[in-house]
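File shown here: protein.txt, holding compact mmCIF, C-alpha atoms.
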```
# COMPACT_ATOMS: atom_id res chain seq x y z
CA MET A 1 -2.70 -42.60 123.40
CA CYS A 2 -4.26 -40.07 125.73
CA ASP A 3 -7.64 -39.30 124.15
CA SER A 4 -8.60 -36.61 126.63
CA CYS A 5 -5.77 -34.19 126.17
CA GLY A 6 -4.04 -35.47 123.05
CA CYS A 7 -0.65 -35.24 124.75
CA GLY A 8 0.55 -38.34 122.98
CA HIS A 9 1.53 -40.29 126.08
CA PRO A 10 0.41 -43.91 125.71
CA HIS A 11 -1.68 -45.09 128.62
CA ASP A 12 -5.00 -46.74 129.34
CA HIS A 13 -5.91 -45.34 132.72
CA SER A 14 -8.38 -42.60 133.53
CA HIS A 15 -7.32 -39.00 133.98
CA ASP A 16 -7.96 -38.99 137.72
CA SER A 17 -6.05 -42.20 138.33
CA PRO A 18 -3.02 -41.84 140.64
CA ALA A 19 -0.91 -43.28 137.81
CA HIS A 20 -1.69 -40.24 135.69
CA ASP A 21 1.31 -38.28 136.76
CA HIS A 22 2.81 -37.01 133.54
CA SER A 23 2.84 -33.34 132.83
CA HIS A 24 0.12 -31.56 130.89
CA ASP A 25 1.95 -29.34 128.51
CA HIS A 26 -0.63 -29.55 125.77
CA PRO A 27 0.77 -29.26 122.27
CA PRO A 28 -0.37 -26.28 120.32
CA THR A 29 -2.79 -26.97 117.52
CA ALA A 30 -0.40 -25.74 114.84
CA VAL A 31 2.81 -27.66 114.27
CA ARG A 32 5.41 -27.55 111.58
CA THR A 33 7.35 -30.53 110.29
CA ILE A 34 11.13 -30.50 109.99
CA GLU A 35 12.62 -33.15 107.71
CA VAL A 36 15.62 -34.84 109.31
CA GLN A 37 16.37 -38.14 107.47
CA LYS A 38 19.20 -39.26 109.69
CA SER A 39 20.09 -42.78 110.72
CA ALA A 40 20.45 -43.85 114.34
CA LEU A 41 23.69 -45.43 113.23
CA SER A 42 25.11 -42.41 111.38
CA LEU A 43 27.69 -41.69 114.06
CA ASN A 44 28.75 -45.34 114.21
CA GLN A 45 28.95 -45.36 110.42
CA ARG A 46 31.26 -42.36 110.48
CA HIS A 47 33.56 -44.08 112.95
CA ALA A 48 33.38 -47.34 110.97
CA ASP A 49 34.39 -45.50 107.79
CA GLN A 50 37.26 -43.92 109.70
CA ASN A 51 38.38 -47.38 110.89
CA ARG A 52 38.06 -48.77 107.37
CA GLY A 53 40.28 -46.01 106.01
CA TRP A 54 42.86 -46.69 108.70
CA PHE A 55 42.80 -50.47 108.05
CA ARG A 56 43.26 -49.86 104.34
CA ALA A 57 46.15 -47.46 104.91
CA LYS A 58 47.88 -50.10 107.05
CA GLY A 59 47.20 -52.84 104.50
CA LEU A 60 45.12 -54.91 106.92
CA THR A 61 42.33 -57.37 106.12
CA VAL A 62 39.88 -57.26 109.01
CA PHE A 63 37.37 -59.85 110.18
CA ASN A 64 34.46 -59.36 112.59
CA LEU A 65 33.78 -62.65 114.45
CA LEU A 66 30.25 -62.98 115.75
CA SER A 67 28.42 -65.70 117.67
CA SER A 68 26.59 -66.60 120.86
CA PRO A 69 28.71 -66.83 124.00
CA GLY A 70 30.54 -70.16 124.05
CA SER A 71 30.48 -70.97 120.33
CA GLY A 72 34.26 -71.17 120.16
CA LYS A 73 35.41 -67.77 118.93
CA THR A 74 38.43 -67.64 121.22
CA SER A 75 39.39 -71.28 120.57
CA LEU A 76 39.19 -70.59 116.85
CA LEU A 77 41.47 -67.59 117.32
CA GLU A 78 43.96 -69.45 119.53
CA ARG A 79 44.62 -71.93 116.76
CA THR A 80 44.34 -69.34 113.97
CA LEU A 81 46.86 -66.97 115.54
CA ARG A 82 49.23 -69.88 116.19
CA ASP A 83 49.05 -71.09 112.56
CA LEU A 84 48.73 -67.81 110.69
CA PRO A 85 51.65 -65.38 110.73
CA HIS A 86 51.15 -61.59 110.71
CA ALA A 87 47.81 -61.80 112.55
CA ALA A 88 46.48 -60.09 115.68
CA ALA A 89 43.20 -59.86 117.56
CA ILE A 90 41.01 -57.36 119.36
CA VAL A 91 38.58 -59.09 121.70
CA GLY A 92 35.43 -57.70 123.29
CA ASP A 93 33.77 -58.82 126.50
CA LEU A 94 31.61 -57.18 129.13
CA GLN A 95 34.19 -57.95 131.83
CA THR A 96 37.66 -59.54 132.25
CA ASP A 97 40.65 -59.72 129.92
CA ASN A 98 40.65 -63.54 130.01
CA ASP A 99 40.31 -63.87 126.24
CA ALA A 100 43.19 -61.52 125.48
CA GLN A 101 45.35 -63.44 127.98
CA ARG A 102 44.48 -66.74 126.31
CA LEU A 103 45.51 -65.34 122.93
CA ARG A 104 48.72 -63.78 124.25
CA ALA A 105 49.58 -67.18 125.70
CA VAL A 106 49.96 -68.51 122.14
CA GLY A 107 52.33 -65.66 121.38
CA ALA A 108 49.91 -63.39 119.55
CA GLN A 109 49.26 -59.71 119.87
CA ALA A 110 45.83 -59.37 121.50
CA LEU A 111 44.04 -56.30 122.83
CA GLN A 112 41.02 -56.47 125.11
CA ILE A 113 38.04 -54.14 125.06
CA THR A 114 35.82 -54.42 128.13
CA THR A 115 32.47 -52.91 127.34
CA GLY A 116 31.05 -52.78 130.87
CA ALA A 117 27.30 -52.93 130.34
CA THR A 118 27.27 -52.72 126.56
CA CYS A 119 26.14 -55.80 124.67
CA HIS A 120 28.16 -55.23 121.48
CA LEU A 121 31.30 -53.58 120.14
CA ASP A 122 30.79 -50.35 118.26
CA ALA A 123 33.13 -48.64 115.82
CA HIS A 124 34.06 -45.97 118.35
CA MET A 125 35.38 -48.52 120.87
CA VAL A 126 37.48 -50.12 118.14
CA LEU A 127 38.74 -46.73 116.97
CA HIS A 128 40.11 -45.98 120.42
CA THR A 129 41.93 -49.31 120.58
CA LEU A 130 43.76 -48.92 117.29
CA ASP A 131 46.45 -46.61 118.68
CA GLN A 132 47.64 -49.51 120.86
CA LEU A 133 47.91 -51.90 117.92
CA ALA A 134 51.43 -52.62 116.64
CA THR A 135 50.92 -52.77 112.89
CA ASP A 136 54.45 -53.39 111.64
CA GLY A 137 54.29 -56.51 109.47
CA LEU A 138 50.65 -57.05 110.40
CA ARG A 139 48.30 -58.32 107.66
CA TYR A 140 45.25 -59.79 109.37
CA LEU A 141 43.19 -58.42 112.23
CA PHE A 142 40.42 -60.43 113.88
CA ILE A 143 37.89 -58.58 116.00
CA GLU A 144 36.14 -60.97 118.35
CA ASN A 145 32.81 -59.33 119.17
CA VAL A 146 30.87 -59.67 122.41
CA GLY A 147 29.10 -63.05 122.45
CA ASN A 148 25.59 -62.12 121.32
CA LEU A 149 23.67 -62.91 118.14
CA VAL A 150 21.42 -59.86 118.33
CA CYS A 151 22.89 -56.40 118.89
CA PRO A 152 26.35 -56.72 117.25
CA ALA A 153 24.61 -57.34 113.91
CA SER A 154 23.73 -53.65 113.63
CA TYR A 155 27.21 -52.22 114.16
CA ASP A 156 29.68 -51.94 111.32
CA LEU A 157 33.17 -51.84 112.83
CA GLY A 158 34.93 -51.12 109.55
CA GLU A 159 35.65 -54.80 108.87
CA ASP A 160 36.14 -56.33 105.44
CA ARG A 161 34.30 -59.55 106.19
CA ARG A 162 31.92 -60.97 108.75
CA VAL A 163 32.26 -64.47 110.12
CA VAL A 164 29.37 -65.95 112.11
CA LEU A 165 30.04 -69.06 114.20
CA ILE A 166 27.51 -71.66 115.34
CA SER A 167 28.72 -74.65 117.30
CA VAL A 168 27.17 -78.06 116.68
CA THR A 169 26.00 -78.12 120.31
CA GLU A 170 23.74 -75.09 119.86
CA GLY A 171 20.89 -76.50 117.81
CA GLU A 172 20.35 -76.52 114.09
CA ASP A 173 17.74 -73.76 114.11
CA LYS A 174 19.96 -70.92 115.36
CA PRO A 175 19.95 -69.24 111.90
CA LEU A 176 16.14 -69.22 111.90
CA LYS A 177 16.04 -67.68 115.37
CA TYR A 178 18.56 -64.92 114.58
CA PRO A 179 18.04 -64.19 110.86
CA VAL A 180 19.32 -60.61 110.98
CA MET A 181 22.77 -61.69 112.12
CA PHE A 182 23.02 -64.38 109.47
CA ARG A 183 21.86 -62.18 106.60
CA ARG A 184 25.10 -60.20 106.73
CA ALA A 185 27.53 -63.10 107.17
CA ASP A 186 30.20 -63.69 104.54
CA LEU A 187 31.14 -67.02 106.09
CA VAL A 188 29.31 -69.28 108.54
CA LEU A 189 31.56 -71.61 110.52
CA LEU A 190 30.00 -74.74 112.05
CA THR A 191 32.37 -75.09 114.99
CA LYS A 192 33.13 -77.96 117.43
CA ASN A 193 32.75 -80.37 114.57
CA ASP A 194 34.47 -83.03 116.70
CA LEU A 195 31.37 -83.11 118.95
CA ALA A 196 28.85 -83.52 116.12
CA ASP A 197 28.22 -87.24 116.64
CA ALA A 198 28.04 -86.94 120.42
CA VAL A 199 25.15 -84.47 120.18
CA ASP A 200 23.42 -86.07 117.14
CA PHE A 201 24.00 -82.91 115.13
CA ASP A 202 21.69 -82.82 112.11
CA ARG A 203 24.04 -81.25 109.58
CA ASP A 204 21.57 -81.29 106.68
CA ALA A 205 19.01 -79.38 108.73
CA ALA A 206 21.62 -76.85 109.84
CA LEU A 207 22.82 -76.32 106.25
CA ALA A 208 19.25 -75.85 105.00
CA ASN A 209 18.62 -73.25 107.72
CA ILE A 210 21.82 -71.39 106.94
CA ARG A 211 21.09 -71.37 103.20
CA GLN A 212 17.62 -70.01 103.86
CA THR A 213 18.71 -67.13 106.09
CA ALA A 214 22.19 -66.50 104.68
CA PRO A 215 22.04 -67.38 100.96
CA GLN A 216 25.07 -65.15 100.36
CA ALA A 217 27.36 -66.93 102.84
CA GLN A 218 29.95 -69.65 102.40
CA ILE A 219 29.72 -72.48 104.94
CA LEU A 220 32.55 -74.46 106.53
CA ASP A 221 32.60 -77.24 109.16
CA ILE A 222 35.55 -76.80 111.45
CA SER A 223 37.12 -77.97 114.68
CA ALA A 224 39.67 -75.89 116.54
CA LYS A 225 40.42 -78.93 118.69
CA THR A 226 41.28 -81.44 115.96
CA GLY A 227 42.19 -78.89 113.30
CA ALA A 228 39.63 -80.35 110.89
CA ASN A 229 39.19 -78.03 107.89
CA PHE A 230 41.57 -75.50 109.37
CA ASP A 231 43.47 -75.31 106.10
CA ALA A 232 40.29 -74.34 104.28
CA TRP A 233 39.54 -71.67 106.90
CA LEU A 234 43.00 -70.17 106.59
CA GLU A 235 42.75 -70.24 102.79
CA TRP A 236 39.49 -68.31 103.03
CA VAL A 237 41.12 -65.77 105.37
CA LYS A 238 44.02 -65.25 102.97
CA ALA A 239 41.87 -65.14 99.83
CA MET B 1 32.19 -40.45 124.25
CA PRO B 2 28.55 -41.46 123.78
CA LYS B 3 26.35 -41.23 126.84
CA SER B 4 26.51 -44.32 129.04
CA VAL B 5 23.73 -46.78 128.33
CA SER B 6 23.26 -47.54 132.02
CA GLN B 7 21.58 -44.41 133.14
CA ARG B 8 19.07 -43.47 135.73
CA SER B 9 15.55 -42.70 134.70
CA ARG B 10 12.11 -42.83 136.20
CA TYR B 11 12.35 -46.61 135.64
CA GLY B 12 15.47 -46.83 137.83
CA ILE B 13 18.63 -48.26 136.28
CA VAL B 14 17.94 -49.04 132.65
CA PRO B 15 19.12 -52.51 131.63
CA PRO B 16 21.77 -52.67 128.91
CA MET B 17 20.17 -52.99 125.51
CA HIS B 18 21.31 -51.55 122.28
CA GLU B 19 17.93 -49.92 121.62
CA LEU B 20 18.84 -47.46 124.34
CA SER B 21 21.96 -46.18 122.63
CA LEU B 22 20.21 -46.17 119.25
CA MET B 23 17.29 -44.21 120.71
CA ASN B 24 19.80 -41.85 122.25
CA ASN B 25 21.26 -41.23 118.77
CA LEU B 26 17.82 -40.63 117.25
CA LEU B 27 17.03 -38.24 120.06
CA ASP B 28 20.30 -36.37 119.49
CA HIS B 29 19.34 -35.91 115.83
CA ALA B 30 15.90 -34.66 116.89
CA LEU B 31 17.21 -32.20 119.46
CA ALA B 32 19.75 -30.83 116.98
CA ALA B 33 17.07 -30.38 114.31
CA ALA B 34 14.71 -28.69 116.77
CA GLY B 35 17.38 -26.18 117.79
CA GLY B 36 16.10 -25.87 121.35
CA GLU B 37 12.41 -25.79 120.49
CA ARG B 38 10.00 -28.15 122.15
CA ILE B 39 9.37 -31.27 120.08
CA CYS B 40 5.77 -32.38 119.64
CA ALA B 41 6.41 -35.53 117.63
CA LEU B 42 9.14 -37.76 116.22
CA HIS B 43 8.63 -39.87 113.13
CA VAL B 44 10.96 -42.85 112.97
CA ARG B 45 11.28 -45.54 110.30
CA VAL B 46 12.32 -49.02 111.45
CA GLY B 47 13.25 -51.85 109.10
CA PRO B 48 12.82 -55.49 110.15
CA LEU B 49 16.54 -56.14 109.62
CA SER B 50 17.61 -53.22 111.81
CA GLY B 51 17.85 -55.62 114.74
CA VAL B 52 15.65 -53.37 116.82
CA VAL B 53 12.76 -54.54 118.99
CA ILE B 54 9.99 -51.97 118.68
CA GLU B 55 8.84 -52.39 122.29
CA SER B 56 12.39 -51.82 123.54
CA LEU B 57 12.70 -48.73 121.39
CA ARG B 58 9.49 -47.33 122.92
CA PHE B 59 10.79 -48.20 126.37
CA ALA B 60 14.02 -46.38 125.61
CA PHE B 61 12.08 -43.37 124.32
CA ASP B 62 10.06 -43.19 127.54
CA ALA B 63 13.22 -43.59 129.61
CA LEU B 64 15.32 -40.99 127.83
CA THR B 65 12.94 -38.14 127.01
CA PRO B 66 11.92 -36.84 130.47
CA GLY B 67 13.63 -33.54 131.12
CA THR B 68 14.40 -33.00 127.42
CA PRO B 69 12.52 -30.88 124.84
CA ALA B 70 11.05 -34.16 123.59
CA GLU B 71 9.31 -34.94 126.87
CA ASN B 72 5.74 -36.12 126.18
CA ALA B 73 6.29 -35.96 122.44
CA ARG B 74 4.36 -38.32 120.22
CA PHE B 75 6.54 -41.18 119.00
CA ASP B 76 5.44 -42.45 115.58
CA ILE B 77 7.10 -45.61 114.33
CA GLU B 78 6.70 -46.68 110.72
CA GLU B 79 7.68 -50.31 110.16
CA THR B 80 8.96 -51.35 106.75
CA ALA B 81 9.41 -54.76 105.11
CA PRO B 82 12.60 -56.22 103.61
CA THR B 83 12.57 -55.47 99.90
CA PHE B 84 14.52 -57.31 97.26
CA ARG B 85 15.40 -57.16 93.61
CA CYS B 86 15.97 -60.50 91.91
CA PRO B 87 19.16 -60.42 89.78
CA HIS B 88 17.81 -63.24 87.56
CA CYS B 89 14.27 -62.25 86.63
CA GLY B 90 14.31 -58.62 87.75
CA ALA B 91 11.28 -59.02 90.04
CA THR B 92 11.08 -56.71 93.04
CA TYR B 93 9.47 -58.24 96.10
CA GLU B 94 8.98 -58.17 99.84
CA THR B 95 9.35 -61.29 101.96
CA PRO B 96 9.29 -62.02 105.67
CA VAL B 97 12.65 -61.91 107.49
CA GLY B 98 14.37 -65.27 107.21
CA ASN B 99 12.81 -66.28 103.90
CA TYR B 100 14.34 -64.53 100.95
CA HIS B 101 13.11 -66.59 97.98
CA CYS B 102 12.05 -64.74 94.85
CA PRO B 103 8.34 -65.45 94.41
CA ALA B 104 8.70 -65.35 90.61
CA CYS B 105 11.68 -67.65 90.00
CA ALA B 106 12.57 -69.04 93.49
CA ALA B 107 16.14 -67.69 93.37
CA THR B 108 17.60 -67.13 96.83
CA ASP B 109 20.28 -64.57 96.02
CA GLY B 110 18.02 -61.54 95.75
CA GLU B 111 19.72 -58.22 96.23
CA LEU B 112 18.47 -56.51 99.39
CA THR B 113 17.20 -53.02 98.61
CA GLY B 114 15.63 -52.13 101.94
CA GLY B 115 15.01 -53.38 105.45
CA TYR B 116 17.95 -52.14 107.52
CA GLU B 117 16.53 -48.66 108.10
CA LEU B 118 16.58 -47.09 111.52
CA GLU B 119 16.10 -43.43 110.77
CA LEU B 120 14.60 -40.29 112.15
CA ILE B 121 12.50 -39.13 109.21
CA SER B 122 11.10 -35.91 110.65
CA ILE B 123 10.04 -34.07 113.76
CA GLU B 124 7.16 -31.75 114.55
CA VAL B 125 7.68 -28.55 116.48
CA PRO B 126 5.17 -25.84 117.48
CA ASP B 127 4.40 -23.47 114.63
CA ASP B 128 4.71 -20.03 116.19
CA VAL B 129 3.90 -18.08 113.05
```
Render the structure in this file as structure tokens.
Amino acid sequence: MCDSCGCGHPHDHSHDSPAHDHSHDHPPTAVRTIEVQKSALSLNQRHADQNRGWFRAKGLTVFNLLSSPGSGKTSLLERTLRDLPHAAAIVGDLQTDNDAQRLRAVGAQALQITTGATCHLDAHMVLHTLDQLATDGLRYLFIENVGNLVCPASYDLGEDRRVVLISVTEGEDKPLKYPVMFRRADLVLLTKNDLADAVDFDRDAALANIRQTAPQAQILDISAKTGANFDAWLEWVKA
Amino acid sequence: MPKSVSQRSRYGIVPPMHELSLMNNLLDHALAAAGGERICALHVRVGPLSGVVIESLRFAFDALTPGTPAENARFDIEETAPTFRCPHCGATYETPVGNYHCPACAATDGELTGGYELELISIEVPDDV
């Protein structure tokens, strides 16, 4: 804080330093406070509520899939969309439509959102994709978020349930490192179960960490490659 | 459409981070409330589960305010703790992020009553009267 002029600009240099180049509009001594009480996410919330209303009107159950890059979201969806009728996906990435192409290759309806520089999907991006979604006969919509365990946690997209994936190759302490993401998960999927032995995955430690940071969540070990526990996953989706 | 998060500023191209778009939203609220008046201070409340890094929020504030009525405004951040209510014993408590045990009965399914806040509480403008 600038002690000399009280202008509020944080700095620790002297007033005649060359770095002291900000303007000197000194605040008046008398100020008045205006109460605002508005969330930074109020606009996103409005769009999310709009999405939620639309999903409900179309009779859709919607899932937000969240994980680090490379945890197996798209592989999970490839198998899910092959095995589960009446399901479609919206996938988010910074660049490329590779994921949507992979999902279309299994015969599913898949729409790609490329976010450019943005590290998460927000409700507004989803809202503008919905007019391209063919909803006749559709029951389940999976939204694959941008691979990132930080920023997407803050953005409600209008989904019914949140699924957070951690692959067995990522380390058992992921939930401890990213507690905010896990606190809002409805289901945590331990993916790439078929690799667990190869990487000496400590399942007990992972479960303890998930239960500590996501006490509300159900937990399921799964492998999109072998299909292990896929029935249980699909039951959960349909429940 | 919301303003692009990759914008020029006195720091050059700002890297993509969600604090920038969130700060942009807070600033929009502030500018609307000020109705064109110069803003002397913003008071923001940040919960530990908001997913926001305080340093990044300050960086975003410094990057976005030049040339706006909030240029050189004071940026006050009030940090809150996650608060819970235990559905079993009724205790209300605060715990660090990542450890949600009830201190009274050790239950882990406490109902979260606060911690996600990211709000503009108030602003200060010059009092001309």
Restricting the calculation to only C-alpha atoms, which member of A:Leu187, A:Ala57, A:Ala30, A:Ala117 is positioned closest to Leu20 of chain B?
-> A:Ala117
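Closest approach to chain A from the set B:Ala70, B:Leu42, B:Ala104, B:Leu49 is made by B:Leu49, with distances taken over all atoms listed in the file.
When only C-alpha atoms are used to compute distances to chain A, the closest of the residues B:Ala63, B:Ala73, B:Cys86, B:Cys105 turns out to be B:Ala73.
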Find the spatial neighbours of segment 90-97 of chain B, counting all atoms listed in the file, within a cut-off of 10 Å - ignore same-chain residues fewer than 4 positions away - and output them as a ChimeraX atom specification.
-> /A:176,178-180,183,213 /B:48-49,80-86,101-105,110-115
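Proximity of B:Leu57, B:Arg38, B:His18, B:Ala106 to chain A, computed with all atoms listed in the file, is greatest for B:His18.
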Completion step: segment 42-70 of chain B with N, CA and C atoms as a PDB file, in the coordinates of the input:
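Now in result_1.pdb:
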```
ATOM      1  N   LEU B  42       8.015 -37.206 116.985  1.00  0.00           N
ATOM      2  CA  LEU B  42       9.140 -37.760 116.220  1.00  0.00           C
ATOM      3  C   LEU B  42       8.584 -38.843 115.317  1.00  0.00           C
ATOM      4  N   HIS B  43       9.043 -38.849 114.089  1.00  0.00           N
ATOM      5  CA  HIS B  43       8.630 -39.870 113.130  1.00  0.00           C
ATOM      6  C   HIS B  43       9.854 -40.696 112.764  1.00  0.00           C
ATOM      7  N   VAL B  44       9.809 -41.977 113.142  1.00  0.00           N
ATOM      8  CA  VAL B  44      10.960 -42.850 112.970  1.00  0.00           C
ATOM      9  C   VAL B  44      10.592 -44.010 112.047  1.00  0.00           C
ATOM     10  N   ARG B  45      11.513 -44.403 111.185  1.00  0.00           N
ATOM     11  CA  ARG B  45      11.280 -45.540 110.300  1.00  0.00           C
ATOM     12  C   ARG B  45      12.185 -46.691 110.737  1.00  0.00           C
ATOM     13  N   VAL B  46      11.576 -47.864 110.953  1.00  0.00           N
ATOM     14  CA  VAL B  46      12.320 -49.020 111.450  1.00  0.00           C
ATOM     15  C   VAL B  46      12.162 -50.193 110.493  1.00  0.00           C
ATOM     16  N   GLY B  47      13.269 -50.673 109.967  1.00  0.00           N
ATOM     17  CA  GLY B  47      13.250 -51.850 109.100  1.00  0.00           C
ATOM     18  C   GLY B  47      13.359 -53.122 109.914  1.00  0.00           C
ATOM     19  N   PRO B  48      12.822 -54.224 109.408  1.00  0.00           N
ATOM     20  CA  PRO B  48      12.820 -55.490 110.150  1.00  0.00           C
ATOM     21  C   PRO B  48      14.218 -56.094 110.300  1.00  0.00           C
ATOM     22  N   LEU B  49      15.175 -55.628 109.504  1.00  0.00           N
ATOM     23  CA  LEU B  49      16.540 -56.140 109.620  1.00  0.00           C
ATOM     24  C   LEU B  49      17.433 -55.182 110.419  1.00  0.00           C
ATOM     25  N   SER B  50      16.824 -54.175 111.026  1.00  0.00           N
ATOM     26  CA  SER B  50      17.610 -53.220 111.810  1.00  0.00           C
ATOM     27  C   SER B  50      18.060 -53.841 113.119  1.00  0.00           C
ATOM     28  N   GLY B  51      17.481 -54.969 113.489  1.00  0.00           N
ATOM     29  CA  GLY B  51      17.850 -55.620 114.740  1.00  0.00           C
ATOM     30  C   GLY B  51      17.246 -54.956 115.959  1.00  0.00           C
ATOM     31  N   VAL B  52      16.247 -54.118 115.722  1.00  0.00           N
ATOM     32  CA  VAL B  52      15.650 -53.370 116.820  1.00  0.00           C
ATOM     33  C   VAL B  52      14.286 -53.954 117.196  1.00  0.00           C
ATOM     34  N   VAL B  53      14.059 -54.117 118.501  1.00  0.00           N
ATOM     35  CA  VAL B  53      12.760 -54.540 118.990  1.00  0.00           C
ATOM     36  C   VAL B  53      11.938 -53.284 119.265  1.00  0.00           C
ATOM     37  N   ILE B  54      10.790 -53.181 118.602  1.00  0.00           N
ATOM     38  CA  ILE B  54       9.990 -51.970 118.680  1.00  0.00           C
ATOM     39  C   ILE B  54       9.631 -51.625 120.141  1.00  0.00           C
ATOM     40  N   GLU B  55       9.232 -52.634 120.896  1.00  0.00           N
ATOM     41  CA  GLU B  55       8.840 -52.390 122.290  1.00  0.00           C
ATOM     42  C   GLU B  55      10.009 -51.808 123.088  1.00  0.00           C
ATOM     43  N   SER B  56      11.211 -52.314 122.816  1.00  0.00           N
ATOM     44  CA  SER B  56      12.390 -51.820 123.540  1.00  0.00           C
ATOM     45  C   SER B  56      12.711 -50.391 123.131  1.00  0.00           C
ATOM     46  N   LEU B  57      12.448 -50.090 121.855  1.00  0.00           N
ATOM     47  CA  LEU B  57      12.700 -48.730 121.390  1.00  0.00           C
ATOM     48  C   LEU B  57      11.731 -47.756 122.072  1.00  0.00           C
ATOM     49  N   ARG B  58      10.476 -48.178 122.215  1.00  0.00           N
ATOM     50  CA  ARG B  58       9.490 -47.330 122.920  1.00  0.00           C
ATOM     51  C   ARG B  58       9.876 -47.162 124.392  1.00  0.00           C
ATOM     52  N   PHE B  59      10.337 -48.255 124.973  1.00  0.00           N
ATOM     53  CA  PHE B  59      10.790 -48.200 126.370  1.00  0.00           C
ATOM     54  C   PHE B  59      11.927 -47.199 126.502  1.00  0.00           C
ATOM     55  N   ALA B  60      12.871 -47.277 125.571  1.00  0.00           N
ATOM     56  CA  ALA B  60      14.020 -46.380 125.610  1.00  0.00           C
ATOM     57  C   ALA B  60      13.576 -44.925 125.424  1.00  0.00           C
ATOM     58  N   PHE B  61      12.608 -44.721 124.538  1.00  0.00           N
ATOM     59  CA  PHE B  61      12.080 -43.370 124.320  1.00  0.00           C
ATOM     60  C   PHE B  61      11.495 -42.813 125.611  1.00  0.00           C
ATOM     61  N   ASP B  62      10.683 -43.627 126.278  1.00  0.00           N
ATOM     62  CA  ASP B  62      10.060 -43.190 127.540  1.00  0.00           C
ATOM     63  C   ASP B  62      11.107 -42.939 128.620  1.00  0.00           C
ATOM     64  N   ALA B  63      12.196 -43.724 128.569  1.00  0.00           N
ATOM     65  CA  ALA B  63      13.220 -43.590 129.610  1.00  0.00           C
ATOM     66  C   ALA B  63      14.108 -42.369 129.388  1.00  0.00           C
ATOM     67  N   LEU B  64      14.327 -42.023 128.131  1.00  0.00           N
ATOM     68  CA  LEU B  64      15.320 -40.990 127.830  1.00  0.00           C
ATOM     69  C   LEU B  64      14.751 -39.581 127.673  1.00  0.00           C
ATOM     70  N   THR B  65      13.454 -39.465 127.355  1.00  0.00           N
ATOM     71  CA  THR B  65      12.940 -38.140 127.010  1.00  0.00           C
ATOM     72  C   THR B  65      12.599 -37.231 128.192  1.00  0.00           C
ATOM     73  N   PRO B  66      12.254 -37.771 129.383  1.00  0.00           N
ATOM     74  CA  PRO B  66      11.920 -36.840 130.470  1.00  0.00           C
ATOM     75  C   PRO B  66      13.042 -35.834 130.727  1.00  0.00           C
ATOM     76  N   GLY B  67      12.645 -34.587 130.871  1.00  0.00           N
ATOM     77  CA  GLY B  67      13.630 -33.540 131.120  1.00  0.00           C
ATOM     78  C   GLY B  67      14.269 -32.995 129.863  1.00  0.00           C
ATOM     79  N   THR B  68      13.876 -33.511 128.692  1.00  0.00           N
ATOM     80  CA  THR B  68      14.400 -33.000 127.420  1.00  0.00           C
ATOM     81  C   THR B  68      13.265 -32.286 126.679  1.00  0.00           C
ATOM     82  N   PRO B  69      13.585 -31.526 125.627  1.00  0.00           N
ATOM     83  CA  PRO B  69      12.520 -30.880 124.840  1.00  0.00           C
ATOM     84  C   PRO B  69      11.569 -31.876 124.182  1.00  0.00           C
ATOM     85  N   ALA B  70      11.921 -33.159 124.200  1.00  0.00           N
ATOM     86  CA  ALA B  70      11.050 -34.160 123.590  1.00  0.00           C
ATOM     87  C   ALA B  70      10.150 -34.851 124.617  1.00  0.00           C
TER      88      ALA B  70
END
```
